[in-house]
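Text of the file coords-v7.csv, holding CSV, C-alpha atoms:
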chain,number,residue,atom,x,y,z
A,30,MET,CA,108.2,-125.8,-190.6
A,31,THR,CA,111.0,-123.5,-189.5
A,32,GLU,CA,110.9,-119.9,-190.6
A,33,GLN,CA,113.7,-117.5,-191.4
A,34,SER,CA,113.6,-113.8,-190.6
A,35,HIS,CA,114.1,-110.9,-193.0
A,36,LEU,CA,113.2,-107.2,-192.6
A,37,CYS,CA,110.4,-105.4,-194.4
A,38,LEU,CA,111.6,-103.0,-197.0
A,39,VAL,CA,109.0,-100.4,-196.0
A,40,CYS,CA,109.0,-100.5,-192.2
A,41,ASP,CA,111.9,-102.6,-191.1
A,42,GLY,CA,109.5,-105.0,-189.4
A,43,GLU,CA,110.4,-108.6,-189.1
A,44,LEU,CA,109.1,-110.8,-191.8
A,45,ASP,CA,108.4,-114.5,-191.2
A,46,ILE,CA,109.4,-116.3,-194.4
A,47,PRO,CA,108.7,-120.1,-194.6
A,48,ASP,CA,111.6,-122.3,-195.6
A,49,ASP,CA,109.8,-123.7,-198.6
A,50,VAL,CA,109.1,-120.3,-200.0
A,51,MET,CA,109.3,-120.0,-203.8
A,52,GLU,CA,110.4,-117.3,-206.2
A,53,ASN,CA,107.7,-114.8,-207.1
A,54,GLU,CA,105.7,-115.6,-204.0
A,55,LEU,CA,104.2,-112.7,-202.2
A,56,ILE,CA,104.9,-112.1,-198.5
A,57,VAL,CA,102.9,-109.8,-196.4
A,58,CYS,CA,104.5,-107.7,-193.6
A,59,PRO,CA,102.7,-108.4,-190.4
A,60,GLU,CA,103.3,-104.8,-189.2
A,61,CYS,CA,102.7,-102.5,-192.1
A,62,GLY,CA,100.8,-104.8,-194.4
A,63,SER,CA,103.1,-104.2,-197.3
A,64,GLU,CA,103.2,-106.9,-200.0
A,65,LEU,CA,106.7,-107.9,-200.9
A,66,GLU,CA,107.6,-110.2,-203.8
A,67,ILE,CA,110.4,-112.6,-203.6
A,68,ILE,CA,112.3,-112.0,-206.8
A,69,SER,CA,115.2,-114.3,-206.0
A,70,LEU,CA,116.1,-117.0,-203.5
A,71,HIS,CA,119.8,-117.2,-204.1
A,72,PRO,CA,120.7,-114.5,-203.2
A,73,PHE,CA,117.6,-113.8,-201.3
A,74,GLN,CA,116.0,-110.6,-202.7
A,75,LEU,CA,112.7,-108.9,-202.1
A,76,GLU,CA,110.9,-106.1,-204.0
A,77,LEU,CA,107.8,-104.1,-203.2
A,78,ALA,CA,104.9,-105.6,-205.0
A,79,PRO,CA,102.9,-103.2,-207.1
A,80,GLU,CA,100.3,-101.4,-205.1
A,81,VAL,CA,96.8,-101.2,-206.3
A,82,GLU,CA,95.4,-97.7,-205.7
A,83,GLU,CA,92.1,-97.5,-203.9
A,84,ASP,CA,89.9,-94.6,-203.6
A,85,TRP,CA,87.2,-96.4,-201.5
A,86,GLY,CA,84.6,-95.2,-204.0
A,87,GLU,CA,85.2,-91.6,-203.1
B,20,MET,CA,91.9,-105.6,-153.1
B,21,ARG,CA,88.7,-103.8,-152.1
B,22,ALA,CA,87.9,-100.9,-154.3
B,23,GLY,CA,85.1,-98.3,-154.5
B,24,ILE,CA,83.9,-95.9,-157.1
B,25,VAL,CA,82.7,-92.5,-155.9
B,26,GLY,CA,80.3,-91.0,-158.5
B,27,GLY,CA,79.3,-94.1,-160.3
B,28,SER,CA,76.3,-93.1,-162.3
B,29,GLY,CA,78.2,-91.3,-165.1
B,30,TYR,CA,79.8,-92.7,-168.1
B,31,THR,CA,83.3,-93.0,-166.8
B,32,GLY,CA,81.9,-94.5,-163.5
B,33,GLY,CA,80.0,-97.0,-165.6
B,34,GLU,CA,83.1,-97.9,-167.7
B,35,LEU,CA,85.1,-98.4,-164.4
B,36,LEU,CA,82.4,-100.6,-163.2
B,37,ARG,CA,82.5,-102.7,-166.3
B,38,LEU,CA,86.3,-103.1,-166.2
B,39,LEU,CA,86.7,-103.6,-162.5
B,40,HIS,CA,83.9,-106.2,-162.3
B,41,PHE,CA,86.1,-108.6,-164.3
B,42,HIS,CA,89.4,-107.6,-162.9
B,43,PRO,CA,91.1,-110.7,-161.3
B,44,GLN,CA,92.5,-108.8,-158.3
B,45,VAL,CA,89.8,-106.4,-157.5
B,46,GLU,CA,86.6,-106.7,-155.4
B,47,LEU,CA,84.4,-103.7,-156.1
B,48,THR,CA,82.6,-103.2,-152.8
B,49,GLN,CA,80.8,-99.9,-153.2
B,50,ILE,CA,79.8,-97.5,-155.9
B,51,THR,CA,78.1,-94.3,-155.0
B,52,SER,CA,75.4,-92.2,-156.6
B,53,ARG,CA,73.6,-89.4,-154.8
B,54,GLY,CA,70.6,-89.6,-157.1
B,55,GLY,CA,70.6,-93.4,-157.6
B,56,ALA,CA,71.2,-94.5,-154.0
B,57,GLY,CA,69.5,-97.8,-153.2
B,58,ARG,CA,69.1,-98.8,-156.9
B,59,TYR,CA,70.8,-101.6,-158.7
B,60,VAL,CA,73.7,-100.3,-160.8
B,61,HIS,CA,72.0,-101.6,-164.0
B,62,SER,CA,69.4,-98.8,-163.5
B,63,ALA,CA,72.1,-96.5,-164.9
B,64,HIS,CA,74.3,-99.0,-166.7
B,65,PRO,CA,72.0,-101.4,-168.4
B,66,ASN,CA,74.9,-103.5,-169.8
B,67,MET,CA,75.5,-104.7,-166.3
B,68,ARG,CA,72.1,-106.3,-165.7
B,69,GLN,CA,72.6,-109.7,-164.2
B,70,VAL,CA,76.3,-109.1,-164.3
B,71,SER,CA,76.6,-107.1,-161.2
B,72,ARG,CA,74.3,-107.2,-158.2
B,73,LEU,CA,75.8,-104.1,-156.7
B,74,LYS,CA,73.5,-101.3,-155.7
B,75,PHE,CA,74.4,-97.6,-155.6
B,76,SER,CA,75.1,-96.3,-152.1
B,77,HIS,CA,74.8,-92.7,-150.9
B,78,PRO,CA,78.1,-90.8,-150.9
B,79,GLU,CA,77.6,-90.1,-147.2
B,80,ALA,CA,77.7,-93.9,-146.6
B,81,LEU,CA,81.1,-94.3,-148.2
B,82,GLU,CA,83.2,-96.8,-146.2
B,83,ALA,CA,87.0,-97.2,-145.9
B,84,CYS,CA,88.6,-99.5,-148.5
B,85,ASP,CA,92.0,-100.0,-150.2
B,86,LEU,CA,91.5,-97.8,-153.2
B,87,LEU,CA,88.9,-95.2,-154.3
B,88,PHE,CA,88.2,-94.2,-157.8
B,89,LEU,CA,86.8,-90.7,-158.0
B,90,ALA,CA,84.5,-90.1,-161.0
B,91,LEU,CA,83.0,-86.9,-160.0
B,92,PRO,CA,82.0,-83.6,-161.7
B,93,HIS,CA,84.7,-81.0,-162.1
B,94,GLY,CA,85.9,-79.5,-158.8
B,95,THR,CA,84.1,-82.0,-156.5
B,96,ALA,CA,87.1,-84.3,-155.9
B,97,ALA,CA,89.4,-81.3,-155.1
B,98,SER,CA,86.9,-79.8,-152.7
B,99,ASN,CA,86.6,-83.1,-150.7
B,100,ILE,CA,90.0,-84.6,-151.1
B,101,GLU,CA,90.9,-84.8,-147.4
B,102,GLN,CA,87.8,-86.8,-146.8
B,103,TYR,CA,88.6,-89.3,-149.5
B,104,ALA,CA,92.2,-89.6,-148.5
B,105,ALA,CA,91.1,-90.5,-145.0
B,106,LEU,CA,89.0,-93.3,-146.3
B,107,ALA,CA,91.5,-95.0,-148.7
B,108,PRO,CA,95.3,-95.0,-148.8
B,109,LYS,CA,95.2,-94.9,-152.6
B,110,LEU,CA,93.1,-92.6,-154.8
B,111,ILE,CA,92.6,-92.4,-158.5
B,112,ASP,CA,90.8,-89.2,-159.6
B,113,LEU,CA,89.3,-89.3,-163.1
B,114,SER,CA,88.4,-85.6,-163.2
B,115,ALA,CA,90.7,-82.8,-164.3
B,116,ASP,CA,91.1,-81.6,-160.7
B,117,PHE,CA,94.7,-83.0,-160.2
B,118,ARG,CA,96.1,-83.2,-163.7
B,119,LEU,CA,98.1,-80.1,-163.6
B,120,ASP,CA,101.0,-79.6,-161.2
B,121,SER,CA,100.7,-75.9,-160.3
B,122,ASP,CA,97.9,-73.7,-158.9
B,123,THR,CA,98.9,-71.0,-161.4
B,124,ASP,CA,98.4,-73.3,-164.4
B,125,TYR,CA,95.2,-74.6,-162.9
B,126,LYS,CA,93.9,-71.0,-162.6
B,127,ARG,CA,95.0,-70.2,-166.1
B,128,TRP,CA,93.2,-73.1,-167.7
B,129,TYR,CA,90.2,-73.6,-165.4
B,130,GLY,CA,89.5,-70.0,-164.4
B,131,SER,CA,89.6,-70.3,-160.6
B,132,ALA,CA,91.9,-71.0,-157.7
B,133,HIS,CA,92.4,-74.7,-157.0
B,134,PRO,CA,90.5,-75.7,-153.8
B,135,ALA,CA,93.4,-77.8,-152.5
B,136,PRO,CA,96.6,-76.7,-154.2
B,137,VAL,CA,98.9,-78.6,-151.8
B,138,TRP,CA,97.5,-81.8,-153.3
B,139,LEU,CA,98.4,-80.9,-156.8
B,140,ARG,CA,102.0,-82.2,-156.6
B,141,ARG,CA,101.0,-85.3,-154.7
B,142,PHE,CA,99.2,-86.7,-157.7
B,143,ILE,CA,101.0,-88.5,-160.6
B,144,TYR,CA,99.6,-88.0,-164.1
B,145,GLY,CA,98.1,-91.4,-164.9
B,146,LEU,CA,99.4,-92.1,-168.4
B,147,PRO,CA,101.6,-95.2,-168.1
B,148,GLU,CA,103.3,-94.5,-171.4
B,149,ILE,CA,105.0,-91.4,-170.0
B,150,ASN,CA,104.9,-92.0,-166.2
B,151,ARG,CA,105.2,-95.8,-165.7
B,152,GLU,CA,108.1,-95.7,-163.2
B,153,ARG,CA,106.6,-92.8,-161.2
B,154,LEU,CA,103.3,-94.7,-161.0
B,155,ARG,CA,104.8,-97.8,-159.5
B,156,GLY,CA,104.1,-97.6,-155.8
B,157,ALA,CA,102.4,-94.2,-156.0
B,158,ASP,CA,99.4,-93.5,-153.8
B,159,TYR,CA,97.6,-90.7,-155.7
B,160,VAL,CA,96.9,-90.8,-159.4
B,161,SER,CA,95.2,-88.3,-161.7
B,162,GLY,CA,93.2,-89.5,-164.6
B,163,VAL,CA,94.0,-88.3,-168.1
B,164,GLY,CA,92.1,-86.1,-170.5
B,165,CYS,CA,90.8,-88.1,-173.5
B,166,ASN,CA,91.9,-85.6,-176.2
B,167,ALA,CA,95.1,-84.9,-174.4
B,168,THR,CA,95.9,-88.6,-174.4
B,169,ALA,CA,95.4,-88.8,-178.1
B,170,VAL,CA,97.7,-85.9,-178.6
B,171,ASN,CA,100.4,-87.1,-176.2
B,172,LEU,CA,100.5,-90.7,-177.5
B,173,ALA,CA,100.5,-89.5,-181.2
B,174,LEU,CA,103.3,-87.0,-180.8
B,175,LEU,CA,105.5,-88.4,-178.0
B,176,PRO,CA,107.9,-90.4,-180.3
B,177,LEU,CA,108.5,-87.3,-182.5
B,178,VAL,CA,109.0,-85.0,-179.5
B,179,SER,CA,111.3,-87.5,-177.7
B,180,ALA,CA,113.4,-87.8,-180.8
B,181,GLY,CA,113.6,-84.0,-181.2
B,182,VAL,CA,112.3,-84.0,-184.8
B,183,LEU,CA,109.0,-82.2,-184.4
B,184,LYS,CA,109.0,-78.5,-185.3
B,185,ARG,CA,105.3,-77.8,-184.9
B,186,ALA,CA,102.0,-79.5,-185.2
B,187,ALA,CA,98.4,-78.6,-186.1
B,188,ILE,CA,95.9,-81.1,-184.9
B,189,GLU,CA,92.2,-81.7,-185.6
B,190,ILE,CA,90.4,-83.9,-183.2
B,191,LYS,CA,87.0,-85.4,-183.9
B,192,VAL,CA,85.0,-86.6,-180.9
B,193,GLY,CA,81.9,-88.4,-179.9
B,194,SER,CA,79.0,-87.3,-177.8
B,195,SER,CA,79.9,-89.3,-174.7
B,196,GLU,CA,82.8,-86.8,-174.1
B,197,GLY,CA,80.1,-84.4,-172.9
B,198,GLY,CA,79.0,-86.6,-170.0
B,199,ASN,CA,75.6,-87.8,-169.1
B,200,THR,CA,74.0,-84.5,-168.2
B,201,SER,CA,71.9,-83.1,-171.0
B,202,ASN,CA,72.1,-79.5,-172.3
B,203,ALA,CA,70.8,-77.5,-175.3
B,204,GLY,CA,73.7,-78.7,-177.4
B,205,SER,CA,73.1,-82.4,-176.6
B,206,HIS,CA,69.3,-82.3,-177.5
B,207,HIS,CA,68.9,-85.0,-180.1
B,208,PRO,CA,67.6,-82.8,-183.0
B,209,VAL,CA,70.6,-80.5,-182.4
B,210,ARG,CA,73.3,-83.1,-181.7
B,211,SER,CA,72.3,-85.8,-184.2
B,212,GLY,CA,74.2,-85.4,-187.5
B,213,ALA,CA,76.1,-82.4,-186.2
B,214,VAL,CA,79.7,-81.5,-187.2
B,215,ARG,CA,80.3,-78.9,-184.6
B,216,SER,CA,83.7,-77.3,-184.0
B,217,TYR,CA,83.2,-76.4,-180.4
B,218,LYS,CA,86.7,-75.6,-179.4
B,219,PRO,CA,88.9,-74.5,-182.3
B,220,THR,CA,91.5,-72.9,-180.0
B,221,GLY,CA,92.4,-72.9,-176.3
B,222,HIS,CA,91.1,-76.3,-175.4
B,223,ARG,CA,91.9,-77.1,-171.7
B,224,HIS,CA,93.6,-80.4,-172.6
B,225,LEU,CA,96.3,-78.4,-174.3
B,226,ALA,CA,97.6,-77.8,-170.7
B,227,GLU,CA,98.1,-81.6,-170.3
B,228,ALA,CA,99.8,-81.9,-173.7
B,229,GLN,CA,102.2,-79.1,-172.7
B,230,LEU,CA,103.0,-81.0,-169.5
B,231,ALA,CA,103.8,-84.2,-171.3
B,232,LEU,CA,105.4,-82.8,-174.5
B,233,GLY,CA,106.9,-79.5,-173.2
B,234,SER,CA,105.4,-76.0,-173.3
B,235,GLU,CA,107.9,-74.8,-175.9
B,236,LEU,CA,106.5,-76.9,-178.7
B,237,PRO,CA,104.1,-74.9,-181.0
B,238,LEU,CA,101.0,-77.0,-180.8
B,239,HIS,CA,97.6,-76.1,-182.1
B,240,PHE,CA,94.6,-78.2,-181.7
B,241,ALA,CA,90.9,-77.9,-182.5
B,242,VAL,CA,88.1,-80.2,-181.4
B,243,THR,CA,85.0,-81.0,-183.5
B,244,ALA,CA,82.0,-83.0,-182.3
B,245,ILE,CA,80.8,-85.4,-184.9
B,246,GLU,CA,78.1,-88.1,-185.2
B,247,MET,CA,79.8,-90.7,-182.9
B,248,VAL,CA,79.0,-91.8,-179.4
B,249,ARG,CA,82.4,-93.2,-178.3
B,250,GLY,CA,85.7,-92.3,-179.8
B,251,VAL,CA,88.4,-89.8,-180.4
B,252,HIS,CA,90.0,-89.4,-183.9
B,253,LEU,CA,93.1,-87.3,-184.1
B,254,LEU,CA,94.8,-86.1,-187.3
B,255,ALA,CA,98.0,-84.1,-186.8
B,256,HIS,CA,99.8,-82.2,-189.5
B,257,CYS,CA,103.4,-82.5,-188.2
B,258,TYR,CA,106.2,-80.4,-189.6
B,259,LEU,CA,109.6,-82.0,-189.1
B,260,ARG,CA,112.9,-80.4,-188.5
B,261,GLU,CA,114.6,-82.7,-191.1
B,262,ARG,CA,113.7,-84.8,-194.1
B,263,MET,CA,112.8,-88.3,-193.0
B,264,THR,CA,111.8,-91.5,-194.7
B,265,ARG,CA,108.8,-93.7,-194.0
B,266,ARG,CA,111.3,-96.3,-192.7
B,267,ASP,CA,112.7,-93.6,-190.3
B,268,ILE,CA,109.2,-92.9,-189.0
B,269,TRP,CA,108.5,-96.6,-188.5
B,270,ARG,CA,111.8,-97.0,-186.5
B,271,LEU,CA,110.9,-94.1,-184.3
B,272,TYR,CA,107.4,-95.2,-183.5
B,273,ARG,CA,108.4,-98.8,-183.1
B,274,GLY,CA,111.2,-97.8,-180.8
B,275,ALA,CA,108.7,-95.9,-178.6
B,276,TYR,CA,105.9,-98.4,-178.6
B,277,ALA,CA,107.0,-101.9,-179.4
B,278,ALA,CA,106.9,-102.9,-175.7
B,279,GLU,CA,103.7,-101.0,-174.9
B,280,PRO,CA,100.8,-103.3,-174.2
B,281,PHE,CA,98.1,-100.8,-175.4
B,282,VAL,CA,99.6,-98.8,-178.2
B,283,ARG,CA,99.3,-100.4,-181.7
B,284,LEU,CA,100.9,-99.1,-184.9
B,285,VAL,CA,98.4,-99.1,-187.7
B,286,SER,CA,99.9,-97.9,-190.9
B,287,ASP,CA,99.3,-100.4,-193.7
B,288,ARG,CA,99.9,-99.6,-197.3
B,289,THR,CA,96.7,-101.2,-198.5
B,290,GLY,CA,93.3,-102.2,-197.4
B,291,ILE,CA,90.4,-100.3,-195.9
B,292,HIS,CA,91.8,-100.5,-192.3
B,293,ARG,CA,95.1,-99.1,-193.2
B,294,LEU,CA,94.9,-96.2,-190.6
B,295,PRO,CA,93.4,-95.9,-187.1
B,296,GLU,CA,89.7,-95.6,-186.7
B,297,PRO,CA,87.8,-95.1,-183.4
B,298,ARG,CA,85.2,-97.8,-184.1
B,299,VAL,CA,87.9,-100.4,-184.1
B,300,VAL,CA,89.1,-99.5,-180.6
B,301,ALA,CA,85.7,-98.8,-179.1
B,302,GLY,CA,85.3,-100.6,-175.7
B,303,SER,CA,89.0,-101.3,-175.5
B,304,ASN,CA,92.1,-99.8,-173.8
B,305,TYR,CA,94.0,-99.6,-177.1
B,306,CYS,CA,95.2,-96.5,-178.8
B,307,ASP,CA,96.0,-97.1,-182.4
B,308,ILE,CA,98.5,-94.8,-184.1
B,309,GLY,CA,99.3,-94.5,-187.8
B,310,PHE,CA,101.1,-92.1,-190.1
B,311,GLU,CA,101.6,-91.1,-193.7
B,312,LEU,CA,104.7,-89.2,-194.8
B,313,ASP,CA,104.3,-86.6,-197.6
B,314,ALA,CA,106.5,-86.9,-200.6
B,315,ASP,CA,108.7,-84.0,-199.3
B,316,GLY,CA,109.7,-86.0,-196.3
B,317,GLU,CA,109.1,-83.1,-193.9
B,318,HIS,CA,105.3,-83.1,-193.6
B,319,LEU,CA,104.0,-86.1,-191.6
B,320,VAL,CA,100.4,-86.8,-191.0
B,321,VAL,CA,99.9,-88.7,-187.8
B,322,ILE,CA,96.5,-90.3,-187.1
B,323,ALA,CA,95.4,-91.8,-183.7
B,324,ALA,CA,92.2,-93.3,-182.4
B,325,LEU,CA,91.1,-94.3,-178.9
B,326,ASP,CA,88.0,-94.7,-176.9
B,327,ASN,CA,87.4,-91.6,-174.8
B,328,LEU,CA,85.9,-93.7,-172.0
B,329,GLY,CA,88.5,-96.4,-172.4
B,330,LYS,CA,92.2,-95.4,-173.0
B,331,GLY,CA,91.0,-91.8,-172.6
B,332,ALA,CA,89.6,-92.3,-169.1
B,333,ALA,CA,88.7,-95.5,-167.3
B,334,GLY,CA,91.1,-97.8,-169.2
B,335,SER,CA,94.1,-95.7,-168.4
B,336,ALA,CA,92.9,-95.4,-164.8
B,337,VAL,CA,92.7,-99.2,-164.4
B,338,GLN,CA,96.1,-99.6,-166.1
B,339,SER,CA,97.5,-97.0,-163.6
B,340,MET,CA,95.8,-98.9,-160.7
B,341,ASN,CA,97.6,-102.1,-161.9
B,342,LEU,CA,100.9,-100.2,-161.7
B,343,ILE,CA,100.4,-98.5,-158.3
B,344,CYS,CA,99.2,-101.8,-156.8
B,345,GLY,CA,101.9,-104.0,-158.2
B,346,PHE,CA,99.4,-106.0,-160.4
B,347,GLU,CA,100.3,-107.2,-163.9
B,348,GLU,CA,99.9,-104.0,-166.0
B,349,SER,CA,97.4,-105.3,-168.4
B,350,ALA,CA,95.3,-107.3,-165.9
B,351,GLY,CA,91.6,-106.8,-166.6
B,352,LEU,CA,92.2,-105.0,-169.8
B,353,ARG,CA,93.2,-107.7,-172.2
B,354,PHE,CA,90.4,-107.7,-174.7
B,355,PRO,CA,90.0,-106.1,-178.2
B,356,GLY,CA,87.2,-103.9,-179.2
B,357,TYR,CA,84.3,-105.2,-181.2
B,358,PHE,CA,84.0,-105.1,-185.0
B,359,PRO,CA,82.0,-104.2,-187.0
Whole structure given in structure tokens:
Amino acid sequence: MTEQSHLCLVCDGELDIPDDVMENELIVCPECGSELEIISLHPFQLELAPEVEEDWGE
Amino acid sequence: MRAGIVGGSGYTGGELLRLLHFHPQVELTQITSRGGAGRYVHSAHPNMRQVSRLKFSHPEALEACDLLFLALPHGTAASNIEQYAALAPKLIDLSADFRLDSDTDYKRWYGSAHPAPVWLRRFIYGLPEINRERLRGADYVSGVGCNATAVNLALLPLVSAGVLKRAAIEIKVGSSEGGNTSNAGSHHPVRSGAVRSYKPTGHRHLAEAQLALGSELPLHFAVTAIEMVRGVHLLAHCYLRERMTRRDIWRLYRGAYAAEPFVRLVSDRTGIHRLPEPRVVAGSNYCDIGFELDADGEHLVVIAALDNLGKGAAGSAVQSMNLICGFEESAGLRFPGYFP
């Protein structure tokens, strides 16, 4: 499978996006761990996925 | 290459032994200990049982070799530097004796005249991230201060970019920073569970931070001993000269460290390991650095973690050895820490 590159919306890190990716799929940035949702394939558009707040039980 | 360790019974000596034993280009031929002479090294470093068959030798039996690591108490290396230089063409001193480049600064921070001031300028400060090119081909290298290394690596990208106005830093450290000589403060009932701010101002490592980052920068750092054996955890409140975005900060740190073999950026948006933690780098040569930008875009919290015996001492020393000897820079250091 070949992969195309796009940049993370949070950190500008390079994302590896598989060619067979689908709309609404979640992609995780390998550098900052942000979850990005693919909201459109044509044109290709990403959006930050909602973040679940954690308080680690504190 | 034949290497020796002078003062091998302490914690940094033991960490050097562990690293050098597995280094592909180093044959460790001697390791000295005045008190342990004649004993197997595992008598002081039990992790090396059946790994190394070396015995400690007496310092007076020290033989010539290609490179000597000096892991001696404060002041000892400086007092005997001519003797060590006569035995090996390359020296790496892990103490604070040759970290500063002037006698005046040494006297200011260490309270006495330097025993061998002419040697101060012969040593290169052994932090590859700031002195890589100067280290290549050098003969004399000074080790780094563990807390200073955390400060320098955490702030260097901000200082280089000219965006840091001032920083207030809190560093939490483990008990191994105190060395292997016991004192009233290290007695178990006193030390265990302690959260002890032992140097809220004026820590000596500030001198090394000023050398690396510039003496004009308003830097304040306090050090607190906590319940931890290995590790340095730095948290710096950084006040920026201009409003920045999270993406700006990422660009800046990535620009500084993307090619560095032992600096990792750890600044995830989610998860329990989103920011650096000393446990994760324990036993390794990594320094992890992360950050969180306040909503105003001008207050940045930078967090760094390293192993005080690793990247903060023996790891950087071995990395520097690789550079001065022309070895691959990460040779003998390519392993992660352990987890959990």
### Task
Mind giving me the straight-line distance from atom CA of Arg223 of chain B to atom CA of His318 of chain B in Å, one decimal?
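Interatomic distance, atom CA of Arg223 of chain B to atom CA of His318 of chain B: 26.4 Å.
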### Query
Which value, in Å to one decimal, gives the distance between atom CA of Phe41 of chain B and atom CA of Phe281 of chain B?
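Going from atom CA of Phe41 of chain B over to atom CA of Phe281 of chain B covers 18.1 Å.
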With the cut-off set at 12 Å and counting all atoms listed in the file, tabulate each residue of chain B with an atom at most that distance from an atom of chain A, showing the nearest atom pair and its distance in Å to one decimal, ordered by chain and increasing number, as CSV.
residue,atom,partner,partner_atom,distance
B:Thr264,CA,A:Val39,CA,9.4
B:Arg265,CA,A:Val39,CA,7.0
B:Arg266,CA,A:Cys40,CA,4.8
B:Asp267,CA,A:Cys40,CA,8.1
B:Ile268,CA,A:Cys40,CA,8.2
B:Trp269,CA,A:Cys40,CA,5.4
B:Arg270,CA,A:Asp41,CA,7.2
B:Leu271,CA,A:Cys40,CA,10.3
B:Tyr272,CA,A:Cys40,CA,10.3
B:Arg273,CA,A:Gly42,CA,8.9
B:Gly274,CA,A:Gly42,CA,11.3
B:Ala277,CA,A:Gly42,CA,10.8
B:Arg283,CA,A:Glu60,CA,9.6
B:Leu284,CA,A:Glu60,CA,7.5
B:Val285,CA,A:Cys61,CA,7.0
B:Ser286,CA,A:Cys61,CA,5.5
B:Asp287,CA,A:Cys61,CA,4.3
B:Arg288,CA,A:Ser63,CA,5.6
B:Thr289,CA,A:Gly62,CA,6.8
B:Gly290,CA,A:Glu83,CA,8.1
B:Ile291,CA,A:Trp85,CA,7.5
B:His292,CA,A:Gly62,CA,10.2
B:Arg293,CA,A:Gly62,CA,8.1
B:Leu294,CA,A:Cys61,CA,10.1
B:Ile308,CA,A:Cys61,CA,11.9
B:Gly309,CA,A:Cys61,CA,9.7
B:Phe310,CA,A:Cys61,CA,10.7
B:Glu311,CA,A:Cys61,CA,11.6
Written selection (C-alpha atoms) as a compact mmCIF listing (two decimals), keeping the file's coordinate frame:
# COMPACT_ATOMS: atom_id res chain seq x y z
CA THR B 264 111.80 -91.50 -194.70
CA ARG B 265 108.80 -93.70 -194.00
CA ARG B 266 111.30 -96.30 -192.70
CA ASP B 267 112.70 -93.60 -190.30
CA ILE B 268 109.20 -92.90 -189.00
CA TRP B 269 108.50 -96.60 -188.50
CA ARG B 270 111.80 -97.00 -186.50
CA LEU B 271 110.90 -94.10 -184.30
CA TYR B 272 107.40 -95.20 -183.50
CA ARG B 273 108.40 -98.80 -183.10
CA GLY B 274 111.20 -97.80 -180.80
CA ALA B 277 107.00 -101.90 -179.40
CA ARG B 283 99.30 -100.40 -181.70
CA LEU B 284 100.90 -99.10 -184.90
CA VAL B 285 98.40 -99.10 -187.70
CA SER B 286 99.90 -97.90 -190.90
CA ASP B 287 99.30 -100.40 -193.70
CA ARG B 288 99.90 -99.60 -197.30
CA THR B 289 96.70 -101.20 -198.50
CA GLY B 290 93.30 -102.20 -197.40
CA ILE B 291 90.40 -100.30 -195.90
CA HIS B 292 91.80 -100.50 -192.30
CA ARG B 293 95.10 -99.10 -193.20
CA LEU B 294 94.90 -96.20 -190.60
CA ILE B 308 98.50 -94.80 -184.10
CA GLY B 309 99.30 -94.50 -187.80
CA PHE B 310 101.10 -92.10 -190.10
CA GLU B 311 101.60 -91.10 -193.70
### Message
So the first atom is atom CA of Val242 of chain B and the second is atom CA of Ala301 of chain B; what is the distance between them in Å, to one decimal place?
### Response
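For atom CA of Val242 of chain B relative to atom CA of Ala301 of chain B, the distance reads 18.9 Å.
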### Task
For each of B:Pro136, B:Pro78, B:Gly130, B:Gly23, take the minimum atom-to-atom distance to Gly57 of chain B, counting only C-alpha atoms, then give the residue where this is smallest.
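Of the candidates, the smallest distance to Gly57 of chain B is held by B:Pro78.
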### Task
Quick one: everything within 9 Å of Ala157 of chain B, counting only C-alpha atoms, minus sequence neighbours fewer than 3 positions away in the same chain. Send it as a PyMOL selection string.
chain B and resi 109+142-143+153-154+160+342-344
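In terms of minimum interatomic distance to Val57 of chain A, A:Leu44 ranks closest within A:Leu75, A:Leu36, A:Leu70, A:Leu44, counting only C-alpha atoms.
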### Query
With distances taken over only C-alpha atoms, which of B:Glu261, B:Asp120, B:Glu152, B:Asp307 is nearest to Val182 of chain B?
B:Glu261
### Selection near Phe73 of chain A, 10 Å with only C-alpha atoms, sequence-local residues under 4 positions removed, as a ChimeraX atom specification
/A:35,52,67-69
### Query
Neighbours of Leu65 of chain A within 7 Å (only C-alpha atoms; same-chain residues fewer than 4 positions away dropped), as a list in words?
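With the cut-off at 7 Å, the set is Leu55, Ile56, Val57, Leu75, Glu76, Leu77 and Ala78 of chain A.
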Put those residues in a file: C-alpha atoms, as a CSV table (one decimal), in the frame of the given file.
chain,number,residue,atom,x,y,z
A,55,LEU,CA,104.2,-112.7,-202.2
A,56,ILE,CA,104.9,-112.1,-198.5
A,57,VAL,CA,102.9,-109.8,-196.4
A,75,LEU,CA,112.7,-108.9,-202.1
A,76,GLU,CA,110.9,-106.1,-204.0
A,77,LEU,CA,107.8,-104.1,-203.2
A,78,ALA,CA,104.9,-105.6,-205.0
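Residue nearest Gly233 of chain B, chosen from B:Gly197, B:Gly181, B:Pro108, B:Gly250 and counting all atoms listed in the file: B:Gly181.
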### Task
Find the residue from B:Ile111, B:Leu172, B:Val299, B:Cys165 that sits nearest to Gly331 of chain B; use all atoms listed in the file when measuring.
B:Cys165
